[in-house]
$ cat protein18.txt   # compact mmCIF, C-alpha atoms
# COMPACT_ATOMS: atom_id res chain seq x y z
CA MET A 221 0.00 0.00 0.00
CA SER A 222 1.37 3.39 -0.98
CA LEU A 223 1.69 6.29 1.43
CA GLU A 224 -0.85 8.23 -0.63
CA ALA A 225 -3.38 5.40 -0.31
CA ILE A 226 -2.86 5.30 3.45
CA PHE A 227 -3.30 9.06 3.61
CA GLN A 228 -6.60 8.87 1.73
CA LEU A 229 -7.89 5.89 3.65
CA CYS A 230 -7.08 7.28 7.08
CA THR A 231 -8.46 10.73 6.30
CA LYS A 232 -11.73 9.18 5.12
CA ALA A 233 -11.90 6.94 8.18
CA ALA A 234 -11.48 9.95 10.46
CA LEU A 235 -14.09 11.87 8.49
CA ALA A 236 -16.53 8.98 8.91
CA GLY A 237 -15.82 9.11 12.65
CA TRP A 238 -16.73 12.81 12.75
CA ILE A 239 -19.97 12.22 10.85
CA VAL A 240 -20.88 9.50 13.34
CA LEU A 241 -20.22 11.98 16.17
CA LEU A 242 -22.55 14.50 14.58
CA ALA A 243 -25.24 11.82 14.42
CA SER A 244 -24.44 10.59 17.94
CA PRO A 245 -27.75 11.69 19.59
CA LEU A 246 -29.43 8.98 17.50
CA ALA A 247 -27.30 6.14 18.88
CA PRO A 248 -25.00 7.43 21.67
CA THR A 249 -23.42 4.15 22.73
CA LEU A 250 -22.72 2.95 19.22
CA ALA A 251 -21.36 6.35 18.19
CA ASP A 252 -19.03 6.37 21.18
CA ARG A 253 -17.75 2.90 20.36
CA ILE A 254 -17.10 3.80 16.74
CA SER A 255 -15.67 7.32 17.12
CA GLY A 256 -14.20 7.07 20.60
CA LEU A 257 -12.67 3.61 20.31
CA LEU A 258 -12.75 1.78 16.98
CA ILE A 259 -11.61 4.44 14.51
CA PRO A 260 -8.98 6.02 16.84
CA ALA A 261 -7.66 2.51 17.50
CA LEU A 262 -7.41 1.74 13.77
CA LEU A 263 -5.63 5.04 13.18
CA ALA A 264 -3.34 4.21 16.09
CA VAL A 265 -2.45 0.86 14.49
CA ALA A 266 -1.57 2.56 11.20
CA TYR A 267 0.37 5.27 13.05
CA SER A 268 2.32 2.72 15.09
CA GLY A 269 3.16 0.75 11.96
CA LEU A 270 4.51 3.88 10.28
CA VAL A 271 6.59 4.79 13.31
CA LEU A 272 7.98 1.25 13.59
CA ALA A 273 8.91 1.25 9.92
CA PHE A 274 10.34 4.75 9.49
CA TRP A 275 11.15 6.46 12.78
CA SER A 276 14.64 5.06 13.27
CA ARG A 277 15.71 6.24 9.80
CA ALA A 278 14.19 9.71 10.06
CA GLU A 279 16.39 12.77 10.12
CA GLY A 280 15.80 15.71 12.42
CA GLY A 281 14.27 15.79 15.86
CA PHE A 282 12.42 17.76 18.48
CA ASP A 283 15.30 19.78 19.95
CA ASN A 284 14.85 22.90 17.81
CA LEU A 285 12.59 24.27 15.09
CA PRO A 286 14.84 23.65 12.04
CA LYS A 287 15.35 20.03 13.13
CA PHE A 288 11.63 19.67 13.70
CA VAL A 289 10.86 21.04 10.24
CA ARG A 290 13.38 18.63 8.72
CA LEU A 291 11.69 15.75 10.54
CA PHE A 292 8.33 16.60 9.03
CA SER A 293 9.73 17.23 5.57
CA GLN A 294 9.90 13.46 5.17
CA PRO A 295 6.62 12.13 3.76
CA GLU A 296 6.50 9.05 6.00
CA ILE A 297 6.91 11.10 9.17
CA ALA A 298 4.54 13.83 7.97
CA LEU A 299 1.95 11.13 7.29
CA ALA A 300 2.47 9.70 10.77
CA GLY A 301 2.06 13.22 12.19
CA TRP A 302 -1.16 13.67 10.22
CA MET A 303 -2.47 10.39 11.63
CA HIS A 304 -1.58 11.58 15.09
CA TYR A 305 -3.84 14.62 14.52
CA LEU A 306 -6.64 12.53 13.05
CA ALA A 307 -6.66 9.99 15.86
CA PHE A 308 -6.34 12.39 18.80
CA ASP A 309 -8.70 15.06 17.45
CA LEU A 310 -11.40 12.44 16.90
CA PHE A 311 -10.76 10.99 20.33
CA VAL A 312 -11.17 14.43 21.89
CA GLY A 313 -14.33 14.99 19.83
CA ALA A 314 -15.80 11.75 21.18
CA TRP A 315 -14.83 12.80 24.69
CA GLU A 316 -16.64 16.14 24.20
CA VAL A 317 -19.80 14.32 23.12
CA ARG A 318 -19.59 11.93 26.08
CA THR A 319 -18.91 14.69 28.58
CA ALA A 320 -21.69 16.89 27.19
CA ARG A 321 -24.15 14.03 27.52
CA ALA A 322 -23.11 13.30 31.10
CA GLU A 323 -23.38 16.98 32.02
CA HIS A 324 -26.65 17.53 30.16
CA ILE A 325 -25.16 20.11 27.82
CA PRO A 326 -27.52 20.49 24.84
CA PHE A 327 -26.06 18.86 21.74
CA ILE A 328 -26.79 21.92 19.62
CA VAL A 329 -24.10 23.93 21.47
CA VAL A 330 -21.63 21.03 21.25
CA ILE A 331 -21.79 21.04 17.45
CA PRO A 332 -19.73 24.25 17.04
CA CYS A 333 -17.13 22.83 19.44
CA LEU A 334 -17.01 19.62 17.37
CA LEU A 335 -16.53 21.55 14.13
CA LEU A 336 -13.77 23.58 15.73
CA THR A 337 -12.10 20.45 17.12
CA PHE A 338 -12.33 18.81 13.71
CA LEU A 339 -10.66 21.75 11.96
CA PHE A 340 -8.37 23.17 14.61
CA GLY A 341 -8.15 20.55 17.38
CA PRO A 342 -6.98 22.51 20.43
CA ALA A 343 -9.19 25.52 19.59
CA GLY A 344 -12.22 23.24 19.76
CA TYR A 345 -11.07 21.83 23.06
CA LEU A 346 -10.70 25.40 24.33
CA ALA A 347 -14.22 26.30 23.18
CA PHE A 348 -15.72 23.22 24.80
CA SER A 349 -13.85 23.83 28.05
CA GLY A 350 -15.03 27.45 28.01
CA LEU A 351 -18.57 26.21 27.54
CA ARG A 352 -18.32 23.89 30.52
CA VAL A 353 -16.82 26.59 32.76
CA ALA A 354 -19.52 29.06 31.71
CA ARG A 355 -22.26 26.56 32.50
CA ALA A 356 -20.73 25.65 35.84
CA MET A 357 -20.77 29.33 36.80
CA THR A 358 -24.35 29.98 35.67
CA PRO A 359 -26.82 29.08 38.47
CA LEU A 360 -29.73 28.82 36.03
CA ALA A 361 -28.00 26.33 33.77
CA ARG A 362 -26.94 24.29 36.77
CA THR A 363 -30.52 23.95 38.06
CA ALA A 364 -31.73 23.22 34.56
CA SER A 365 -29.33 20.32 34.17
CA LEU A 366 -30.24 19.01 37.61
CA GLN A 367 -33.89 18.98 36.68
CA SER A 368 -33.52 17.35 33.30
CA MET B 103 -13.85 -40.56 33.44
CA THR B 104 -13.60 -36.81 33.59
CA VAL B 105 -11.29 -34.74 31.47
CA ASP B 106 -11.64 -31.30 32.89
CA VAL B 107 -10.12 -29.04 30.27
CA PHE B 108 -12.44 -26.12 30.39
CA GLY B 109 -13.02 -25.94 34.12
CA ALA B 110 -16.37 -26.12 35.80
CA ARG B 111 -17.46 -22.74 34.53
CA GLN B 112 -17.95 -23.88 30.99
CA ARG B 113 -21.13 -25.67 31.90
CA SER B 114 -22.63 -22.54 33.37
CA GLY B 115 -23.58 -21.27 29.92
CA ASN B 116 -22.09 -18.05 28.56
CA PHE B 117 -18.49 -19.17 28.25
CA SER B 118 -15.86 -16.69 27.15
CA PHE B 119 -12.38 -17.95 26.33
CA ALA B 120 -10.79 -14.57 27.06
CA ALA B 121 -12.59 -14.16 30.39
CA GLU B 122 -11.61 -17.70 31.37
CA VAL B 123 -7.91 -17.13 30.56
CA PHE B 124 -7.96 -13.87 32.50
CA ARG B 125 -9.56 -15.59 35.48
CA ARG B 126 -6.94 -18.34 35.48
CA GLU B 127 -3.81 -16.17 35.25
CA PRO B 128 -4.45 -12.44 34.83
CA LEU B 129 -0.78 -11.45 34.44
CA TYR B 130 0.10 -13.95 31.67
CA ALA B 131 -3.28 -13.38 30.01
CA GLY B 132 -2.77 -9.61 30.05
CA ALA B 133 0.77 -9.95 28.71
CA ALA B 134 -0.50 -12.26 25.95
CA LEU B 135 -3.13 -9.69 25.02
CA CYS B 136 -0.55 -6.88 24.86
CA LEU B 137 1.67 -9.03 22.62
CA ALA B 138 -1.28 -9.87 20.38
CA ALA B 139 -2.04 -6.15 20.11
CA LEU B 140 1.46 -5.62 18.68
CA ILE B 141 0.73 -7.92 15.75
CA ALA B 142 -1.44 -5.37 13.90
CA PRO B 143 1.08 -2.47 13.84
CA THR B 144 3.85 -4.95 13.01
CA LEU B 145 1.88 -6.13 9.97
CA VAL B 146 1.42 -2.49 8.91
CA ALA B 147 5.16 -1.88 9.29
CA MET B 148 5.86 -5.03 7.27
CA THR B 149 3.75 -3.87 4.34
CA LEU B 150 5.36 -0.39 4.35
CA ASP B 151 8.98 -1.19 5.10
CA GLY B 152 10.97 -2.44 2.14
CA ARG B 153 14.13 -3.27 4.08
CA THR B 154 15.24 -6.87 4.23
CA LEU B 155 17.58 -8.84 6.42
CA ALA B 156 18.96 -12.21 5.30
CA GLY B 157 16.55 -12.11 2.38
CA VAL B 158 13.32 -11.53 4.30
CA ASN B 159 11.42 -8.45 5.43
CA VAL B 160 12.89 -7.02 8.65
CA TRP B 161 9.50 -7.19 10.40
CA LEU B 162 8.93 -10.90 9.78
CA LYS B 163 11.00 -11.87 12.78
CA PRO B 164 9.27 -9.55 15.30
CA LEU B 165 5.96 -10.83 13.91
CA ARG B 166 6.94 -14.46 14.48
CA PHE B 167 8.10 -13.75 18.03
CA GLU B 168 4.93 -11.82 18.83
CA VAL B 169 2.76 -14.70 17.61
CA ALA B 170 4.89 -17.35 19.32
CA LEU B 171 5.08 -15.58 22.68
CA THR B 172 1.35 -14.77 22.60
CA ILE B 173 0.63 -18.48 22.16
CA TYR B 174 3.16 -19.38 24.86
CA LEU B 175 1.77 -17.04 27.51
CA ALA B 176 -1.87 -17.74 26.63
CA THR B 177 -1.19 -21.49 26.92
CA LEU B 178 0.47 -21.07 30.31
CA ALA B 179 -2.46 -18.90 31.46
CA TRP B 180 -4.81 -21.67 30.38
CA PHE B 181 -2.78 -24.32 32.21
CA ALA B 182 -2.61 -22.12 35.34
CA ASP B 183 -5.99 -23.44 36.43
CA TRP B 184 -4.37 -26.79 37.27
CA LEU B 185 -1.58 -25.41 39.42
CA PRO B 186 -1.97 -26.26 43.11
CA GLN B 187 -4.61 -24.05 44.66
CA GLY B 188 -3.33 -20.69 45.80
CA VAL B 189 0.08 -20.86 44.10
CA THR B 190 -0.63 -17.85 41.89
CA THR B 191 -1.22 -15.64 44.91
CA THR B 192 1.99 -16.55 46.72
CA ARG B 193 4.75 -13.99 46.97
CA TRP B 194 7.43 -16.05 45.17
CA TYR B 195 5.08 -16.81 42.29
CA ARG B 196 4.13 -13.18 41.79
CA ILE B 197 7.76 -12.07 41.75
CA TYR B 198 8.74 -14.94 39.46
CA SER B 199 5.87 -14.48 36.98
CA GLY B 200 6.54 -10.74 36.96
CA CYS B 201 10.17 -11.47 35.98
CA VAL B 202 8.98 -13.84 33.23
CA VAL B 203 6.73 -11.15 31.75
CA LEU B 204 9.52 -8.56 31.97
CA ALA B 205 11.82 -11.00 30.15
CA VAL B 206 9.21 -11.43 27.40
CA ALA B 207 8.84 -7.66 27.13
CA ALA B 208 12.62 -7.21 26.91
CA GLU B 209 12.90 -9.84 24.16
CA ILE B 210 10.21 -8.19 22.06
CA ILE B 211 11.64 -4.69 22.55
CA TRP B 212 15.08 -5.97 21.59
CA ILE B 213 13.87 -7.87 18.49
CA ALA B 214 11.50 -5.11 17.29
CA GLY B 215 14.10 -2.45 18.10
CA ALA B 216 16.72 -4.24 16.01
CA ALA B 217 14.18 -4.60 13.18
CA SER B 218 13.37 -0.90 13.26
CA LEU B 219 17.10 -0.16 12.96
CA GLY B 220 17.38 -2.74 10.18
CA ILE B 221 20.01 -4.82 12.01
CA ALA B 222 20.09 -8.41 13.22
CA SER B 223 19.07 -9.13 16.80
CA HIS B 224 20.22 -12.72 17.21
CA PHE B 225 23.76 -13.80 16.24
CA ASN B 226 24.82 -10.16 15.98
CA GLU B 227 28.46 -9.83 16.99
CA GLY B 228 28.81 -6.54 15.11
CA SER B 229 29.84 -4.57 18.16
CA PRO B 230 30.68 -5.48 21.77
CA MET B 231 27.43 -3.84 22.87
CA LEU B 232 25.32 -5.90 20.45
CA ALA B 233 27.15 -9.11 21.31
CA TRP B 234 26.69 -8.44 25.01
CA THR B 235 22.99 -7.71 24.51
CA TYR B 236 22.59 -10.95 22.55
CA ARG B 237 24.06 -12.94 25.44
CA PHE B 238 21.92 -11.14 28.00
CA MET B 239 18.82 -11.81 25.91
CA GLY B 240 19.80 -15.48 25.79
CA ALA B 241 19.72 -15.55 29.58
CA LEU B 242 16.31 -13.86 29.59
CA ALA B 243 15.06 -16.40 27.04
CA VAL B 244 16.04 -19.20 29.42
CA LEU B 245 14.21 -17.37 32.22
CA LEU B 246 11.01 -17.00 30.23
CA THR B 247 11.11 -20.63 29.04
CA SER B 248 11.68 -21.80 32.61
CA SER B 249 8.07 -20.91 33.34
CA ALA B 250 7.10 -24.02 31.35
CA LEU B 251 9.34 -26.12 33.62
CA VAL B 252 7.94 -24.57 36.80
CA TYR B 253 4.36 -25.04 35.59
CA GLY B 254 5.05 -28.61 34.49
CA ILE B 255 6.47 -29.66 37.84
CA LEU B 256 3.79 -27.88 39.87
CA ILE B 257 0.90 -29.27 37.82
CA PHE B 258 2.37 -32.76 37.86
CA ARG B 259 2.83 -32.69 41.63
CA ASN B 260 -0.62 -31.25 42.34
CA ARG B 261 -2.30 -33.99 44.38
CA HIS B 262 -5.68 -32.32 44.49
CA SER B 263 -5.92 -31.95 40.75
CA ARG B 264 -9.34 -32.35 39.18
CA LEU B 265 -7.68 -33.60 36.01
CA ASP B 266 -7.74 -37.04 34.51
CA PRO B 267 -4.39 -38.63 35.50
CA ALA B 268 -3.30 -39.28 31.91
CA PHE B 269 -4.09 -35.72 30.84
CA LYS B 270 -2.35 -34.33 33.91
CA LEU B 271 0.72 -36.45 33.13
CA SER B 272 0.73 -35.21 29.52
CA ILE B 273 0.66 -31.57 30.63
CA GLY B 274 3.48 -32.16 33.10
CA LEU B 275 5.62 -34.04 30.58
CA GLY B 276 4.84 -31.62 27.73
CA LEU B 277 5.81 -28.57 29.75
CA VAL B 278 8.97 -30.11 31.19
CA LEU B 279 10.03 -31.35 27.75
CA THR B 280 9.36 -27.90 26.28
CA PHE B 281 11.92 -26.46 28.66
CA VAL B 282 14.50 -29.25 28.45
CA LEU B 283 14.38 -29.70 24.66
CA THR B 284 14.20 -25.96 23.92
CA ALA B 285 17.11 -25.20 26.23
CA ALA B 286 19.18 -27.90 24.49
CA VAL B 287 18.33 -26.95 20.89
CA ALA B 288 18.23 -23.17 21.33
CA GLY B 289 21.32 -23.27 23.53
CA TYR B 290 23.22 -25.09 20.80
CA MET B 291 21.85 -22.77 18.13
CA ALA B 292 22.84 -19.66 20.09
CA ASN B 293 26.44 -20.85 20.23
CA SER B 294 26.68 -21.90 16.60
CA GLY B 295 26.42 -18.41 15.14
CA GLY B 296 23.31 -18.92 13.01
CA HIS B 297 20.37 -21.22 12.45
CA PHE B 298 21.30 -22.44 8.98
CA ILE B 299 23.62 -25.41 8.60
CA GLY B 300 25.31 -25.91 5.26
CA ARG B 301 25.25 -23.77 2.16
CA SER B 302 22.22 -22.82 0.19
CA SER B 303 22.22 -24.46 -3.22
CA ILE B 304 19.11 -23.08 -4.84
CA ASN B 305 18.48 -20.00 -2.73
CA ALA B 306 14.84 -20.99 -2.48
CA PRO B 307 12.54 -19.08 -0.18
CA GLY B 308 11.75 -20.82 3.09
CA ALA B 309 8.64 -22.77 3.93
CA PRO B 310 5.48 -20.71 4.36
CA LEU B 311 4.93 -19.02 7.76
CA VAL B 312 7.85 -20.68 9.53
CA GLY B 313 10.45 -19.87 6.87
CA TRP B 314 12.42 -23.09 7.29
CA ALA B 315 15.09 -23.66 4.68
CA ARG B 316 14.30 -26.21 1.99
CA ASP B 317 17.81 -26.80 0.75
CA ARG B 318 19.93 -27.01 3.91
CA GLY B 319 19.74 -27.67 7.62
CA ASP B 320 17.72 -25.25 9.70
CA LEU B 321 17.94 -25.39 13.50
CA ARG B 322 14.65 -23.54 13.78
CA VAL B 323 12.93 -26.83 12.92
CA PRO B 324 13.94 -28.68 16.12
CA HIS B 325 13.45 -25.43 18.07
CA PHE B 326 9.84 -25.28 16.85
CA PHE B 327 9.02 -28.86 17.76
CA ALA B 328 10.92 -28.67 21.05
CA THR B 329 9.01 -25.59 22.14
CA HIS B 330 5.64 -26.96 21.03
CA ALA B 331 5.96 -30.12 23.14
CA MET B 332 3.65 -28.25 25.52
CA HIS B 333 0.96 -28.35 22.81
CA PHE B 334 1.51 -31.66 21.05
CA ILE B 335 1.90 -33.86 24.15
CA PRO B 336 -1.08 -32.44 26.12
CA GLY B 337 -3.06 -32.59 22.86
CA PHE B 338 -2.28 -36.30 22.66
CA GLY B 339 -2.94 -36.71 26.38
CA PHE B 340 -6.36 -35.11 26.04
CA LEU B 341 -7.34 -37.51 23.26
CA ALA B 342 -5.83 -40.50 25.08
CA ALA B 343 -7.77 -39.68 28.25
CA LEU B 344 -10.97 -39.52 26.24
CA ALA B 345 -10.45 -42.53 24.03
CA LEU B 346 -8.40 -45.04 26.02
CA PRO B 347 -9.18 -46.97 29.19
CA ARG B 348 -7.63 -45.39 32.24
CA ALA B 349 -5.23 -48.31 32.75
CA VAL B 350 -3.44 -47.76 29.43
CA ALA B 351 -3.92 -44.00 28.88
CA SER B 352 -0.99 -42.92 31.07
CA ARG B 353 1.24 -45.54 29.48
CA ALA B 354 0.28 -44.21 26.06
CA VAL B 355 1.12 -40.66 27.14
CA ILE B 356 4.58 -41.77 28.29
CA ASP B 357 5.18 -43.69 25.04
CA PHE B 358 4.06 -40.73 22.97
CA SER B 359 6.36 -38.39 24.93
CA VAL B 360 9.33 -40.67 24.29
CA VAL B 361 8.49 -40.87 20.59
CA TYR B 362 8.08 -37.10 20.50
CA ALA B 363 11.44 -36.48 22.18
CA VAL B 364 13.08 -38.90 19.73
CA PHE B 365 11.39 -37.05 16.86
CA VAL B 366 12.77 -33.72 18.11
CA SER B 367 16.23 -35.27 18.40
CA TYR B 368 15.86 -36.61 14.88
CA THR B 369 14.99 -33.19 13.44
CA PHE B 370 17.92 -31.76 15.41
CA GLY B 371 20.31 -34.32 13.96
CA GLU B 372 18.90 -33.81 10.51
CA ALA B 373 19.45 -30.05 10.73
CA LEU B 374 22.98 -30.57 12.06
CA MET B 375 23.75 -32.74 9.05
CA GLY B 376 22.66 -29.86 6.84
CA LYS B 377 19.52 -31.52 5.60
CA PRO B 378 16.23 -29.68 5.25
CA PHE B 379 13.26 -30.89 7.25
CA PHE B 380 11.06 -31.22 4.19
CA ALA B 381 13.39 -33.79 2.70
CA VAL B 382 11.74 -36.40 4.89
CA LEU B 383 8.23 -35.54 3.81
CA PRO B 384 6.89 -37.01 0.61
CA CYS B 385 8.03 -33.81 -0.99
CA ILE B 386 4.56 -32.45 -1.60
CA ALA B 387 5.34 -29.54 0.66
CA CYS B 388 8.51 -28.64 -1.26
CA THR B 389 7.08 -28.75 -4.74
CA LYS B 390 3.79 -27.05 -3.98
CA PHE B 391 5.15 -23.76 -2.71

$ encode --input "protein18.txt" --output "C-alpha cells"
Amino acid sequence: MSLEAIFQLCTKAALAGWIVLLASPLAPTLADRISGLLIPALLAVAYSGLVLAFWSRAEGGFDNLPKFVRLFSQPEIALAGWMHYLAFDLFVGAWEVRTARAEHIPFIVVIPCLLLTFLFGPAGYLAFSGLRVARAMTPLARTASLQS
Amino acid sequence: MTVDVFGARQRSGNFSFAAEVFRREPLYAGAALCLAALIAPTLVAMTLDGRTLAGVNVWLKPLRFEVALTIYLATLAWFADWLPQGVTTTRWYRIYSGCVVLAVAAEIIWIAGAASLGIASHFNEGSPMLAWTYRFMGALAVLLTSSALVYGILIFRNRHSRLDPAFKLSIGLGLVLTFVLTAAVAGYMANSGGHFIGRSSINAPGAPLVGWARDRGDLRVPHFFATHAMHFIPGFGFLAALALPRAVASRAVIDFSVVYAVFVSYTFGEALMGKPFFAVLPCIACTKF
C-alpha cells in the first residue's frame, strides 16, 4: 500500500468518525464505540506501523525548530504526524460528546465545538472547556441540568 | 472418566475464552493480550517497510516472536488453572511471573528495536554492545522458558488436581520437555552463530509461515518442535484420556512423549547434518510452494 493510499484511507476513516459523532444523539453508545474507540484505534495501528517502519531512519528531531521542520519534511513522518492529529482530534471529539451528555449540555451547542475540534483541534477543546466553565458558573444552567 | 479441560465454569452457559484465561492467570493473560495487540502495527510496518535482512522483510521476525510468545503465555495462562490451589497468589510466584513477563517484554523490545534499525538481533556480533545484549537476551530467554518447567512440575505434583491422571501427566511431561528440549536446541543454536547449517544451493525461499530452509539444515525446525511439546503432548494426552481406558492412557502418554522427544532429536540431527526438514516428507510440501 502506498503512502498516498494510506493518507486517503485514514483521512476518510477519520471523516466517517466525525460524521458518526454529529449523528451521535441517535445512537449514543454505538457512536461512542465507533468514534471514541474503533476508529482512533485503527488510526493508532496505522500510526504505530509507520513509526515502527520509518522512525529510526528519520532525520531531524524535536530539539529545535529547524530540526523539527526537517523531521516533518519526510513524507513518512509527515503522514504519521497527520495520523496523530486525526486519531487524537477524533478521540477528543468523542470525549466532548460523552462529557456533554453526562453533564446535560444540549447537543446543539456542542456542534460548534465539534466543528472547531475537527478543523483546529486545540481551539475546539478550548471552546468546549469554556462552555463547561460558563455553565458551571451559571446558576440557572446548573438547576436546569439538575432537573432534566 | 472426567477430562476437565475447560473448568467447571464452561457448563454454566455463557463461556468466554478470554474471560476464562484472565480468570486463570491475569498477568500472563494480560501480557498475551498486549503481545497480540502488537501484531497489527507490526503487519502495517511489514507492508510499508521495504528493508530486508537475510533475504526476508525485517518485520517478519518480530511478527513471528509476537505470535509465538502470545501463544506461549496464553497457553500457560490456560494451564494455570491446574496449578496447586493458591500458588498464583503466593509472593514467590508473583515475583517470578513478573520477571517472566519482563523478560518477554525485553525480548520483544530488543527484536523489534533491532528490526526498526534494520540490524540483526540474534547472532549479531557486530559490536561489543550488540554481542553483550545478545548474550543477556539469551539468559532472559532461558528465564522465560523456565516458566514451562515450573508449571510442568507444579501441575504434575498437584495432588488435588481435578484432572484425569493421563491428561495431567501429559501436561506435566509436555511442559517439562518444552523447557528441556528448547534449552538444548536453542542453547546449541545460540552458540553456533546462526540457524542455517550448510550452504544454500538453490536459494529458495523458506517454507510458508515458519520460513524453514528447503535446501539445507535449519535449526529452527527442532526449536519449533521442542518448544511446542507443551501443545503436542497435552493434545495427545487429552485424546488419550478420552479414548483409552484409564489403565493404558498414562502408558500411552509416556510412550508418545518418548516418541516425540526422539522425533525432536531426529529433526535436530537432521538439521545438524545440513539436511532440510522437508526432505523427509513425501516432498509435496517442497514442490507445492

$ atom_distance --input "protein18.txt" --atom1 "CA of Ala243 in chain A" --atom2 "CA of Leu229 in chain A"
21.3 Å

$ interface_residues --input "protein18.txt" --of "chain B" --to "chain A" --cutoff "6 Å" --atoms "all atoms listed in the file" --output "number ranges by chain"
B: 143-144, 146-147, 151, 218-219

$ residues_near_point --input "protein18.txt" --point "(9.1, -26.1, 36.0)" --cutoff "10 Å" --atoms "all atoms listed in the file" --output "list in words"
Thr247, Ser248, Ser249, Ala250, Leu251, Val252, Tyr253, Gly254, Ile255, Leu256, Ile257, Phe258, Gly274, Leu277, Val278, Leu279, Thr280, Phe281 and Val282 of chain B

$ closest_residue --input "protein18.txt" --among "A:Ala307, A:Pro248, A:Ile297, A:Leu336" --to "Ala322 in chain A" --atoms "all atoms listed in the file"
A:Pro248

$ residues_around --input "protein18.txt" --residues "Ala234 in chain A" --least-positions-apart "4" --cutoff "8 Å" --atoms "all atoms listed in the file" --output "PyMOL selection string"
chain A and resi 230+238+259-260+306-307+310

$ write_last_selection --input "protein18.txt" --atoms "C-alpha atoms" --output "mmCIF file, in the frame of the given file"
data_model
loop_
_atom_site.group_PDB
_atom_site.id
_atom_site.type_symbol
_atom_site.label_atom_id
_atom_site.label_comp_id
_atom_site.auth_asym_id
_atom_site.auth_seq_id
_atom_site.Cartn_x
_atom_site.Cartn_y
_atom_site.Cartn_z
ATOM 1 C CA CYS A 230 -7.080 7.280 7.080
ATOM 2 C CA TRP A 238 -16.730 12.810 12.750
ATOM 3 C CA ILE A 259 -11.610 4.440 14.510
ATOM 4 C CA PRO A 260 -8.980 6.020 16.840
ATOM 5 C CA LEU A 306 -6.640 12.530 13.050
ATOM 6 C CA ALA A 307 -6.660 9.990 15.860
ATOM 7 C CA LEU A 310 -11.400 12.440 16.900
#

$ residues_around --input "protein18.txt" --residues "Val123 in chain B" --least-positions-apart "4" --cutoff "8 Å" --atoms "all atoms listed in the file" --output "JSON, numbers by chain"
{"B": [119, 127, 128, 131, 176, 179, 180]}

$ residues_around --input "protein18.txt" --residues "range 350-360 of chain B" --least-positions-apart "4" --cutoff "9 Å" --atoms "all atoms listed in the file" --output "ChimeraX atom specification"
/B:267-269,271-272,275-276,279,331,335-336,338-339,342-346,364-365
